[in-house]
>>> print(open('model_2.pdb').read())   # PDB, C-alpha atoms and all ligand atoms
ATOM      1  CA  MET A  28       0.000   0.000   0.000
ATOM      2  CA  ILE A  29       2.691   2.464   1.150
ATOM      3  CA  ARG A  30       6.389   1.886   0.561
ATOM      4  CA  LEU A  31       8.982   4.528   1.404
ATOM      5  CA  GLU A  32      12.602   3.892   0.420
ATOM      6  CA  GLY A  33      15.373   6.207   1.621
ATOM      7  CA  ILE A  34      13.117   9.241   1.913
ATOM      8  CA  THR A  35      14.842  12.481   2.904
ATOM      9  CA  ARG A  36      13.422  15.995   3.073
ATOM     10  CA  SER A  37      15.625  19.072   3.242
ATOM     11  CA  PHE A  38      14.652  22.710   3.206
ATOM     12  CA  PRO A  39      16.864  25.548   1.952
ATOM     13  CA  MET A  40      17.751  28.027   4.685
ATOM     14  CA  ALA A  41      19.611  31.344   4.647
ATOM     15  CA  ASP A  42      22.799  29.622   5.856
ATOM     16  CA  GLY A  43      22.596  26.397   3.839
ATOM     17  CA  GLN A  44      20.161  23.501   4.160
ATOM     18  CA  VAL A  45      18.299  21.932   7.018
ATOM     19  CA  THR A  46      17.476  18.232   6.728
ATOM     20  CA  ILE A  47      14.298  17.200   8.544
ATOM     21  CA  LEU A  48      13.873  13.576   7.427
ATOM     22  CA  HIS A  49      16.985  11.388   7.213
ATOM     23  CA  GLY A  50      16.475   8.315   5.069
ATOM     24  CA  ILE A  51      13.079   6.922   6.079
ATOM     25  CA  ASP A  52      12.306   3.333   5.035
ATOM     26  CA  LEU A  53       8.757   2.262   5.784
ATOM     27  CA  HIS A  54       6.271  -0.282   4.519
ATOM     28  CA  VAL A  55       2.589  -0.139   5.485
ATOM     29  CA  GLY A  56       0.508  -3.032   4.189
ATOM     30  CA  PRO A  57      -3.222  -3.152   3.447
ATOM     31  CA  GLY A  58      -5.411  -3.319   6.552
ATOM     32  CA  GLU A  59      -2.811  -1.932   8.950
ATOM     33  CA  MET A  60      -3.668   0.831  11.421
ATOM     34  CA  VAL A  61      -0.430   2.605  12.279
ATOM     35  CA  ALA A  62       0.264   5.211  14.969
ATOM     36  CA  ILE A  63       3.157   7.588  14.307
ATOM     37  CA  MET A  64       4.463   9.055  17.548
ATOM     38  CA  GLY A  65       7.414  11.199  18.525
ATOM     39  CA  PRO A  66       8.324  14.477  20.190
ATOM     40  CA  SER A  67       7.307  17.810  18.747
ATOM     41  CA  GLY A  68       9.649  18.773  15.907
ATOM     42  CA  SER A  69      10.649  15.169  15.135
ATOM     43  CA  GLY A  70       9.278  15.396  11.576
ATOM     44  CA  LYS A  71       5.842  13.739  11.915
ATOM     45  CA  SER A  72       3.931  16.362   9.952
ATOM     46  CA  THR A  73       6.701  16.579   7.339
ATOM     47  CA  LEU A  74       6.423  12.808   6.880
ATOM     48  CA  MET A  75       2.622  12.978   6.756
ATOM     49  CA  ASN A  76       2.757  15.680   4.065
ATOM     50  CA  ILE A  77       4.919  13.374   1.956
ATOM     51  CA  LEU A  78       2.655  10.360   2.602
ATOM     52  CA  GLY A  79      -0.317  12.532   1.607
ATOM     53  CA  CYS A  80       1.350  13.724  -1.633
ATOM     54  CA  LEU A  81       1.089  17.308  -0.374
ATOM     55  CA  ASP A  82       4.872  17.597  -0.492
ATOM     56  CA  ALA A  83       7.594  15.816  -2.464
ATOM     57  CA  PRO A  84      10.668  14.246  -0.846
ATOM     58  CA  SER A  85      14.164  15.595  -1.620
ATOM     59  CA  GLU A  86      15.483  12.067  -2.199
ATOM     60  CA  GLY A  87      14.110   8.544  -2.188
ATOM     61  CA  ARG A  88      11.205   6.651  -3.650
ATOM     62  CA  TYR A  89       7.561   6.545  -2.570
ATOM     63  CA  LEU A  90       5.309   3.837  -3.940
ATOM     64  CA  LEU A  91       1.630   4.451  -3.194
ATOM     65  CA  ASP A  92      -0.719   1.642  -4.150
ATOM     66  CA  GLY A  93       1.836   0.486  -6.750
ATOM     67  CA  THR A  94       2.517   3.928  -8.276
ATOM     68  CA  ASP A  95       5.895   5.666  -7.865
ATOM     69  CA  VAL A  96       4.529   9.072  -6.923
ATOM     70  CA  THR A  97       8.010  10.658  -6.890
ATOM     71  CA  LYS A  98       7.897  10.425 -10.702
ATOM     72  CA  LEU A  99       4.542  12.204 -11.120
ATOM     73  CA  SER A 100       3.990  15.781 -12.272
ATOM     74  CA  LYS A 101       2.257  18.216  -9.893
ATOM     75  CA  ARG A 102      -1.006  17.684 -11.721
ATOM     76  CA  GLN A 103      -0.760  13.879 -11.643
ATOM     77  CA  LEU A 104       0.188  14.061  -7.964
ATOM     78  CA  ALA A 105      -2.929  16.108  -7.180
ATOM     79  CA  LYS A 106      -5.037  13.535  -9.019
ATOM     80  CA  ALA A 107      -3.454  10.616  -7.126
ATOM     81  CA  ARG A 108      -4.071  12.501  -3.888
ATOM     82  CA  GLY A 109      -7.752  13.030  -4.710
ATOM     83  CA  GLN A 110      -8.325   9.390  -5.631
ATOM     84  CA  LYS A 111      -6.174   7.466  -3.187
ATOM     85  CA  ILE A 112      -5.989   9.476   0.030
ATOM     86  CA  GLY A 113      -8.495  10.610   2.632
ATOM     87  CA  PHE A 114      -7.306  13.289   5.073
ATOM     88  CA  VAL A 115      -8.442  13.973   8.636
ATOM     89  CA  PHE A 116      -7.016  16.926  10.596
ATOM     90  CA  GLN A 117      -6.987  18.029  14.233
ATOM     91  CA  SER A 118      -8.961  21.170  13.350
ATOM     92  CA  PHE A 119     -11.586  19.288  11.228
ATOM     93  CA  ASN A 120     -11.168  21.729   8.277
ATOM     94  CA  LEU A 121     -14.903  21.898   7.561
ATOM     95  CA  ILE A 122     -16.430  24.772   5.590
ATOM     96  CA  PRO A 123     -18.266  26.833   8.231
ATOM     97  CA  ARG A 124     -21.622  27.959   6.792
ATOM     98  CA  THR A 125     -22.106  24.744   4.823
ATOM     99  CA  ASN A 126     -24.082  21.748   6.046
ATOM    100  CA  ALA A 127     -22.764  18.216   6.659
ATOM    101  CA  MET A 128     -23.962  16.857   3.266
ATOM    102  CA  ARG A 129     -22.281  19.696   1.344
ATOM    103  CA  ASN A 130     -19.039  19.326   3.286
ATOM    104  CA  VAL A 131     -18.882  15.576   2.704
ATOM    105  CA  GLU A 132     -19.699  15.707  -1.026
ATOM    106  CA  LEU A 133     -16.875  18.180  -1.818
ATOM    107  CA  PRO A 134     -14.303  15.578  -2.954
ATOM    108  CA  LEU A 135     -16.935  14.213  -5.382
ATOM    109  CA  VAL A 136     -17.506  17.740  -6.720
ATOM    110  CA  TYR A 137     -13.733  18.103  -7.291
ATOM    111  CA  ASN A 138     -13.695  14.785  -9.147
ATOM    112  CA  GLY A 139     -16.558  15.934 -11.377
ATOM    113  CA  ILE A 140     -19.099  13.366 -10.150
ATOM    114  CA  ARG A 141     -22.716  14.463 -10.708
ATOM    115  CA  ARG A 142     -24.760  11.867  -8.809
ATOM    116  CA  ARG A 143     -23.633  12.526  -5.275
ATOM    117  CA  THR A 144     -26.612  12.479  -2.895
ATOM    118  CA  ALA A 145     -26.957   8.752  -2.176
ATOM    119  CA  LYS A 146     -23.207   8.257  -1.762
ATOM    120  CA  THR A 147     -22.895  11.296   0.503
ATOM    121  CA  ARG A 148     -25.806  10.213   2.690
ATOM    122  CA  GLU A 149     -24.351   6.708   2.904
ATOM    123  CA  ALA A 150     -20.970   8.074   4.079
ATOM    124  CA  LEU A 151     -22.655  10.127   6.810
ATOM    125  CA  GLU A 152     -24.747   7.121   7.879
ATOM    126  CA  ARG A 153     -21.562   5.067   8.061
ATOM    127  CA  VAL A 154     -20.117   7.454  10.673
ATOM    128  CA  GLY A 155     -23.376   7.526  12.651
ATOM    129  CA  LEU A 156     -24.621  10.940  11.469
ATOM    130  CA  GLY A 157     -27.637   9.840   9.416
ATOM    131  CA  SER A 158     -29.823  12.187  11.491
ATOM    132  CA  ARG A 159     -27.543  15.232  11.124
ATOM    133  CA  LEU A 160     -27.336  15.587   7.339
ATOM    134  CA  LYS A 161     -28.440  19.238   7.189
ATOM    135  CA  HIS A 162     -26.682  20.446  10.332
ATOM    136  CA  LEU A 163     -24.052  23.184  10.074
ATOM    137  CA  PRO A 164     -20.656  22.606  11.714
ATOM    138  CA  SER A 165     -21.615  25.209  14.367
ATOM    139  CA  GLU A 166     -24.586  22.990  15.309
ATOM    140  CA  LEU A 167     -22.394  19.923  15.910
ATOM    141  CA  SER A 168     -20.140  18.855  18.803
ATOM    142  CA  GLY A 169     -16.385  18.419  18.283
ATOM    143  CA  GLY A 170     -16.757  14.660  17.963
ATOM    144  CA  GLN A 171     -19.586  15.051  15.425
ATOM    145  CA  LYS A 172     -17.522  17.538  13.397
ATOM    146  CA  GLN A 173     -14.703  15.024  13.244
ATOM    147  CA  ARG A 174     -17.209  12.373  12.082
ATOM    148  CA  VAL A 175     -18.226  14.680   9.224
ATOM    149  CA  ALA A 176     -14.525  15.072   8.340
ATOM    150  CA  ILE A 177     -14.086  11.281   8.423
ATOM    151  CA  ALA A 178     -17.143  10.805   6.165
ATOM    152  CA  ARG A 179     -15.560  13.311   3.757
ATOM    153  CA  ALA A 180     -12.267  11.380   3.895
ATOM    154  CA  LEU A 181     -14.118   8.134   3.030
ATOM    155  CA  ILE A 182     -16.217   9.400   0.162
ATOM    156  CA  ASN A 183     -13.807   8.483  -2.666
ATOM    157  CA  ASP A 184     -13.040   5.025  -1.220
ATOM    158  CA  PRO A 185      -9.385   5.986  -0.632
ATOM    159  CA  ALA A 186      -6.612   3.400  -0.497
ATOM    160  CA  ILE A 187      -5.445   5.015   2.716
ATOM    161  CA  ILE A 188      -6.718   7.397   5.409
ATOM    162  CA  LEU A 189      -4.157   9.802   6.908
ATOM    163  CA  ALA A 190      -5.031  11.525  10.169
ATOM    164  CA  ASP A 191      -2.812  14.216  11.762
ATOM    165  CA  GLU A 192      -3.689  14.320  15.496
ATOM    166  CA  PRO A 193      -7.391  13.660  14.805
ATOM    167  CA  THR A 194      -8.292  13.659  18.505
ATOM    168  CA  GLY A 195      -6.036  16.573  19.491
ATOM    169  CA  ALA A 196      -9.019  18.923  19.903
ATOM    170  CA  LEU A 197     -11.435  16.404  21.460
ATOM    171  CA  ASP A 198     -12.372  15.474  25.038
ATOM    172  CA  ALA A 199     -11.851  11.925  26.354
ATOM    173  CA  LYS A 200     -15.358  10.706  25.483
ATOM    174  CA  SER A 201     -15.240  11.968  21.883
ATOM    175  CA  THR A 202     -11.682  10.644  21.523
ATOM    176  CA  LYS A 203     -12.935   7.172  22.451
ATOM    177  CA  GLU A 204     -15.841   7.430  19.984
ATOM    178  CA  ILE A 205     -13.604   8.585  17.150
ATOM    179  CA  MET A 206     -11.015   5.864  17.818
ATOM    180  CA  GLU A 207     -13.762   3.231  17.918
ATOM    181  CA  LEU A 208     -14.983   4.543  14.566
ATOM    182  CA  PHE A 209     -11.458   4.305  13.076
ATOM    183  CA  THR A 210     -11.190   0.776  14.505
ATOM    184  CA  GLU A 211     -14.476  -0.199  12.812
ATOM    185  CA  LEU A 212     -13.363   1.271   9.480
ATOM    186  CA  ASN A 213     -10.056  -0.576   9.823
ATOM    187  CA  ALA A 214     -11.889  -3.838  10.568
ATOM    188  CA  ALA A 215     -13.885  -3.218   7.360
ATOM    189  CA  GLY A 216     -10.626  -3.015   5.401
ATOM    190  CA  ALA A 217      -9.390   0.605   5.578
ATOM    191  CA  THR A 218      -5.645   1.215   5.911
ATOM    192  CA  ILE A 219      -5.108   4.044   8.384
ATOM    193  CA  VAL A 220      -2.089   6.092   9.525
ATOM    194  CA  ILE A 221      -2.593   8.318  12.574
ATOM    195  CA  ILE A 222      -0.168  10.848  14.031
ATOM    196  CA  THR A 223      -0.741  11.197  17.747
ATOM    197  CA  HIS A 224       0.848  12.326  21.007
ATOM    198  CA  GLU A 225      -1.511  10.179  23.081
ATOM    199  CA  ASP A 226      -0.815   6.603  24.219
ATOM    200  CA  ASP A 227      -4.585   6.136  24.613
ATOM    201  CA  VAL A 228      -4.952   6.718  20.878
ATOM    202  CA  ALA A 229      -1.989   4.558  19.823
ATOM    203  CA  GLU A 230      -3.455   1.635  21.801
ATOM    204  CA  TYR A 231      -6.249   1.303  19.241
ATOM    205  CA  CYS A 232      -3.698   0.769  16.464
ATOM    206  CA  THR A 233      -2.046  -2.433  15.218
ATOM    207  CA  ARG A 234       1.425  -0.921  15.089
ATOM    208  CA  ARG A 235       3.364   1.959  16.616
ATOM    209  CA  ILE A 236       6.217   3.828  14.937
ATOM    210  CA  TRP A 237       8.503   6.191  16.850
ATOM    211  CA  LEU A 238      10.059   9.104  15.040
ATOM    212  CA  ARG A 239      12.924  11.105  16.507
ATOM    213  CA  ASP A 240      15.145  13.696  14.812
ATOM    214  CA  GLY A 241      13.744  12.659  11.440
ATOM    215  CA  GLN A 242      14.549   8.966  11.817
ATOM    216  CA  ILE A 243      12.484   5.913  12.697
ATOM    217  CA  ARG A 244      13.707   4.838  16.143
ATOM    218  CA  GLY A 245      11.078   2.232  16.957
ATOM    219  CA  ASP A 246       8.523   0.094  15.150
ATOM    220  CA  ASP A 247       6.414  -2.272  17.281
ATOM    221  CA  LYS A 248       3.402  -4.450  16.691
ATOM    222  CA  ILE A 249       0.700  -3.757  19.288
ATOM    223  CA  THR A 250      -0.424  -7.085  20.703
ATOM    224  CA  ASP A 251      -2.970  -5.937  23.321
ATOM    225  CA  ARG A 252      -4.915  -3.668  21.039
ATOM    226  CA  ARG A 253      -7.879  -1.706  22.400
ATOM    227  CA  GLY A 254     -11.274  -1.401  20.792
ATOM    228  CA  GLY A 255     -13.204  -4.493  19.720
ATOM    229  CA  ALA A 256     -13.705  -6.654  22.803
ATOM    230  CA  GLU A 257     -14.143  -3.691  25.119
ATOM    231  CA  ARG A 258     -16.834  -2.234  22.890
ATOM    232  CA  ILE A 259     -18.819  -5.473  22.693
ATOM    233  CA  SER A 260     -18.932  -5.813  26.483
ATOM    234  CA  ALA A 261     -19.834  -2.119  27.015
TER     235      ALA A 261
HETATM  236  P1  LIG B   1       6.294  17.458  14.158
HETATM  237  O1  LIG B   1       5.049  17.357  13.349
HETATM  238  O2  LIG B   1       6.870  16.142  14.552
HETATM  239  O3  LIG B   1       6.130  18.358  15.351
HETATM  240  P2  LIG B   1       7.342  18.854  11.834
HETATM  241  O4  LIG B   1       7.415  17.843  10.767
HETATM  242  O5  LIG B   1       6.217  19.821  11.813
HETATM  243  O6  LIG B   1       7.440  18.139  13.260
HETATM  244  O7  LIG B   1       8.694  19.688  11.826
HETATM  245  C1  LIG B   1       9.974  19.108  12.005
HETATM  246  C2  LIG B   1      11.047  20.175  11.892
HETATM  247  O8  LIG B   1      11.074  20.663  10.556
HETATM  248  C3  LIG B   1      10.788  21.378  12.774
HETATM  249  O9  LIG B   1      12.020  21.735  13.366
HETATM  250  C4  LIG B   1      10.317  22.436  11.794
HETATM  251  O10 LIG B   1      10.693  23.718  12.245
HETATM  252  C5  LIG B   1      11.012  22.070  10.520
HETATM  253  N1  LIG B   1      10.288  22.449   9.307
HETATM  254  C6  LIG B   1       9.057  21.997   8.949
HETATM  255  N2  LIG B   1       8.679  22.538   7.771
HETATM  256  C7  LIG B   1       9.700  23.351   7.376
HETATM  257  C8  LIG B   1       9.933  24.205   6.233
HETATM  258  N3  LIG B   1       9.020  24.336   5.273
HETATM  259  N4  LIG B   1      11.098  24.885   6.177
HETATM  260  C9  LIG B   1      12.026  24.748   7.156
HETATM  261  N5  LIG B   1      11.878  23.969   8.241
HETATM  262  C10 LIG B   1      10.727  23.286   8.352
HETATM  263 MG    MG B   2       3.081  18.125  13.652
END
>>> encode(input="model_2.pdb", output="structure tokens", more="lines below")
Ligand code: ADP
Ligand code: MG
Amino acid sequence: MIRLEGITRSFPMADGQVTILHGIDLHVGPGEMVAIMGPSGSGKSTLMNILGCLDAPSEGRYLLDGTDVTKLSKRQLAKARGQKIGFVFQSFNLIPRTNAMRNVELPLVYNGIRRRTAKTREALERVGLGSRLKHLPSELSGGQKQRVAIARALINDPAIILADEPTGALDAKSTKEIMELFTELNAAGATIVIITHEDDVAEYCTRRIWLRDGQIRGDDKITDRRGGAERISA
């Protein structure tokens, strides 16, 4: 699904170059749910921008769903991003005076798809918001806003969902709900990569990667994963 080989990212600075990612090798297979953790400034967002085709690496190869995206033009990269990747952000990134349906259908509008209503409604039902289709973001709780954002991320059936601190702005109860939703989507086949500072969040994942100073310093399978069993008994 995702294969990074020797990825580096450097930025030009007044006094030379600063290198943020130093030769990242990473493989994420279909159906994995990966937490990326690490101190602030370790390069998590820089890595996520590359994974999301929002930024290109300085060196190395990135195969996404079989395509070497480091060889694509800007236009082709934008197309790959629209078709293969669903994004979820800490700050939801919803359009304020626009209802849940309109927010969720946007990626379909960008892809020029005319028949959108049934698919959009289905995506909102999938995240448990079937009764909030016409609500504005201001009429929804934080957890509900993030559900709208997740429905939007799902609408094009992406190969992978990337989430940058998706629970960073949520209370404990909403965090649990959102992580249970990601766990359900993962059980249904979605490949998910989540950046997080919280152990509570990483515990829902199948694998935990530690980033430090732009290098992978740890990569563990999570054996006592949270989510399923706990939810059934609750
Ligand atoms: P994290 O998300 O782990 O907190 P980031 O990936 O945002 O870390 O940033 C890692 C380092 O890269 C930081 O020191 C940051 O200042 C630097 N950095 C990020 N983007 C740029 C850029 N466009 N130009 C120069 N330095 C950058
Ligand atoms: Mg960051």
>>> atom_distance(input="model_2.pdb", atom1="atom N2 of ligand LIG 1 (chain B)", atom2="atom CA of Ile243 of chain A")
17.8 Å
>>> axis_aligned_box(input="model_2.pdb", around="segment 249-255 of chain A", padding_each_side="5 Å", output="AutoDock Vina command-line options")
--center_x -6.3 --center_y -4.2 --center_z 21.3 --size_x 23.9 --size_y 15.7 --size_z 14.0
>>> residues_near_ligand(input="model_2.pdb", ligand="ligand LIG 1 (chain B)", cutoff="7 Å", atoms="only C-alpha atoms and all ligand atoms", output="VMD selection string")
chain A and resid 38 45 47 65 to 74
>>> resolve_selection(input="model_2.pdb", expression="the PyMOL selection byres (((chain A and resi 149-159) around 8) and not hetatm)", output="PyMOL selection string")
chain A and resi 127-128+131+145-148+160-162+171+174-175+177-179+181-182+208
>>> resolve_selection(input="model_2.pdb", expression="the PyMOL selection byres (((chain A and resi 249-252) around 12) and not hetatm)", output="JSON, numbers by chain")
{"A": [59, 60, 61, 62, 206, 207, 210, 226, 227, 228, 229, 230, 231, 232, 233, 234, 235, 236, 246, 247, 248, 253, 254, 255, 256, 257]}
>>> atom_distance(input="model_2.pdb", atom1="atom CA of Ile205 of chain A", atom2="atom CA of Gln173 of chain A")
7.6 Å
>>> closest_residue(input="model_2.pdb", among="A:Thr223, A:Met28, A:Leu91, A:Asn130", to="Arg143 of chain A", atoms="all atoms listed in the file")
A:Asn130
>>> closest_residue(input="model_2.pdb", among="A:Ser118, A:Gly216, A:Gly169, A:Ile222", to="Leu78 of chain A", atoms="all atoms listed in the file")
A:Ile222
>>> resolve_selection(input="model_2.pdb", expression="the PyMOL selection byres (((chain A and resi 86) around 8) and not hetatm)", output="number ranges by chain")
A: 33-36, 84-85, 87-88
>>> residues_around(input="model_2.pdb", residues="Asn120 of chain A", least_positions_apart="2", cutoff="10 Å", atoms="all atoms listed in the file", output="VMD selection string")
chain A and resid 114 to 118 122 to 123 130 172 to 173 176
>>> closest_residue(input="model_2.pdb", among="A:Ile219, A:Leu163, A:Leu81, A:Ala190", to="ligand MG 2 (chain B)", atoms="all atoms listed in the file")
A:Ala190
>>> atom_distance(input="model_2.pdb", atom1="atom CA of Gly50 of chain A", atom2="atom CA of Gly245 of chain A")
14.4 Å
>>> closest_residue(input="model_2.pdb", among="A:Leu212, A:Pro193, A:Lys203, A:Phe119", to="ligand MG 2 (chain B)", atoms="only C-alpha atoms and all ligand atoms")
A:Pro193
>>> closest_residue(input="model_2.pdb", among="A:His54, A:Lys200, A:Arg108, A:Arg244", to="Asn76 of chain A", atoms="all atoms listed in the file")
A:Arg108
>>> residues_around(input="model_2.pdb", residues="Ala186 of chain A", least_positions_apart="4", cutoff="7 Å", atoms="all atoms listed in the file", output="JSON, numbers by chain")
{"A": [111, 112, 218]}
>>> closest_residue(input="model_2.pdb", among="A:Glu32, A:Gly109, A:Asn213, A:Gly43", to="Val136 of chain A", atoms="only C-alpha atoms")
A:Gly109
>>> residues_around(input="model_2.pdb", residues="Cys80 of chain A", least_positions_apart="6", cutoff="8 Å", atoms="all atoms listed in the file", output="PyMOL selection string")
chain A and resi 96+104-105+107-108
>>> build_atoms(input="model_2.pdb", residues="segment 154-174 of chain A", atoms="N, CA, C and O atoms", output="CSV table (one decimal), keeping the file's coordinate frame")
chain,number,residue,atom,x,y,z
A,154,VAL,N,-20.8,6.9,9.5
A,154,VAL,CA,-20.1,7.5,10.7
A,154,VAL,C,-21.1,7.8,11.8
A,154,VAL,O,-20.8,8.5,12.7
A,155,GLY,N,-22.4,7.3,11.6
A,155,GLY,CA,-23.4,7.5,12.7
A,155,GLY,C,-24.0,8.9,12.7
A,155,GLY,O,-24.6,9.3,13.7
A,156,LEU,N,-24.0,9.6,11.5
A,156,LEU,CA,-24.6,10.9,11.5
A,156,LEU,C,-25.8,11.0,10.5
A,156,LEU,O,-26.1,12.1,10.0
A,157,GLY,N,-26.5,9.9,10.3
A,157,GLY,CA,-27.6,9.8,9.4
A,157,GLY,C,-28.7,10.8,9.8
A,157,GLY,O,-29.5,11.3,8.9
A,158,SER,N,-28.8,11.3,11.1
A,158,SER,CA,-29.8,12.2,11.5
A,158,SER,C,-29.3,13.6,11.6
A,158,SER,O,-30.0,14.5,12.1
A,159,ARG,N,-28.1,13.9,11.0
A,159,ARG,CA,-27.5,15.2,11.1
A,159,ARG,C,-27.1,15.8,9.7
A,159,ARG,O,-26.2,16.6,9.6
A,160,LEU,N,-27.8,15.3,8.7
A,160,LEU,CA,-27.3,15.6,7.3
A,160,LEU,C,-27.3,17.1,7.0
A,160,LEU,O,-26.4,17.6,6.3
A,161,LYS,N,-28.3,17.8,7.5
A,161,LYS,CA,-28.4,19.2,7.2
A,161,LYS,C,-27.9,20.2,8.3
A,161,LYS,O,-28.0,21.4,8.2
A,162,HIS,N,-27.2,19.6,9.3
A,162,HIS,CA,-26.7,20.4,10.3
A,162,HIS,C,-25.4,21.2,9.8
A,162,HIS,O,-24.6,20.6,9.1
A,163,LEU,N,-25.3,22.4,10.3
A,163,LEU,CA,-24.1,23.2,10.1
A,163,LEU,C,-23.0,22.8,11.1
A,163,LEU,O,-23.3,22.3,12.2
A,164,PRO,N,-21.7,22.9,10.7
A,164,PRO,CA,-20.7,22.6,11.7
A,164,PRO,C,-20.9,23.3,13.1
A,164,PRO,O,-20.7,22.6,14.1
A,165,SER,N,-21.4,24.5,13.1
A,165,SER,CA,-21.6,25.2,14.4
A,165,SER,C,-22.7,24.5,15.2
A,165,SER,O,-22.8,24.8,16.4
A,166,GLU,N,-23.5,23.7,14.6
A,166,GLU,CA,-24.6,23.0,15.3
A,166,GLU,C,-24.2,21.6,15.7
A,166,GLU,O,-25.0,20.8,16.2
A,167,LEU,N,-22.9,21.3,15.6
A,167,LEU,CA,-22.4,19.9,15.9
A,167,LEU,C,-21.3,20.0,17.0
A,167,LEU,O,-20.6,21.0,17.1
A,168,SER,N,-21.2,18.9,17.8
A,168,SER,CA,-20.1,18.9,18.8
A,168,SER,C,-18.8,18.6,18.1
A,168,SER,O,-18.8,18.2,16.9
A,169,GLY,N,-17.7,18.7,18.8
A,169,GLY,CA,-16.4,18.4,18.3
A,169,GLY,C,-16.3,17.0,17.7
A,169,GLY,O,-15.8,16.8,16.6
A,170,GLY,N,-16.8,16.0,18.4
A,170,GLY,CA,-16.8,14.7,18.0
A,170,GLY,C,-17.6,14.5,16.7
A,170,GLY,O,-17.2,13.8,15.8
A,171,GLN,N,-18.7,15.1,16.6
A,171,GLN,CA,-19.6,15.1,15.4
A,171,GLN,C,-18.9,15.7,14.2
A,171,GLN,O,-19.0,15.2,13.1
A,172,LYS,N,-18.2,16.9,14.5
A,172,LYS,CA,-17.5,17.5,13.4
A,172,LYS,C,-16.4,16.6,12.8
A,172,LYS,O,-16.3,16.5,11.6
A,173,GLN,N,-15.8,15.9,13.7
A,173,GLN,CA,-14.7,15.0,13.2
A,173,GLN,C,-15.3,13.8,12.5
A,173,GLN,O,-14.7,13.4,11.5
A,174,ARG,N,-16.5,13.4,12.9
A,174,ARG,CA,-17.2,12.4,12.1
A,174,ARG,C,-17.5,12.9,10.7
A,174,ARG,O,-17.4,12.1,9.7
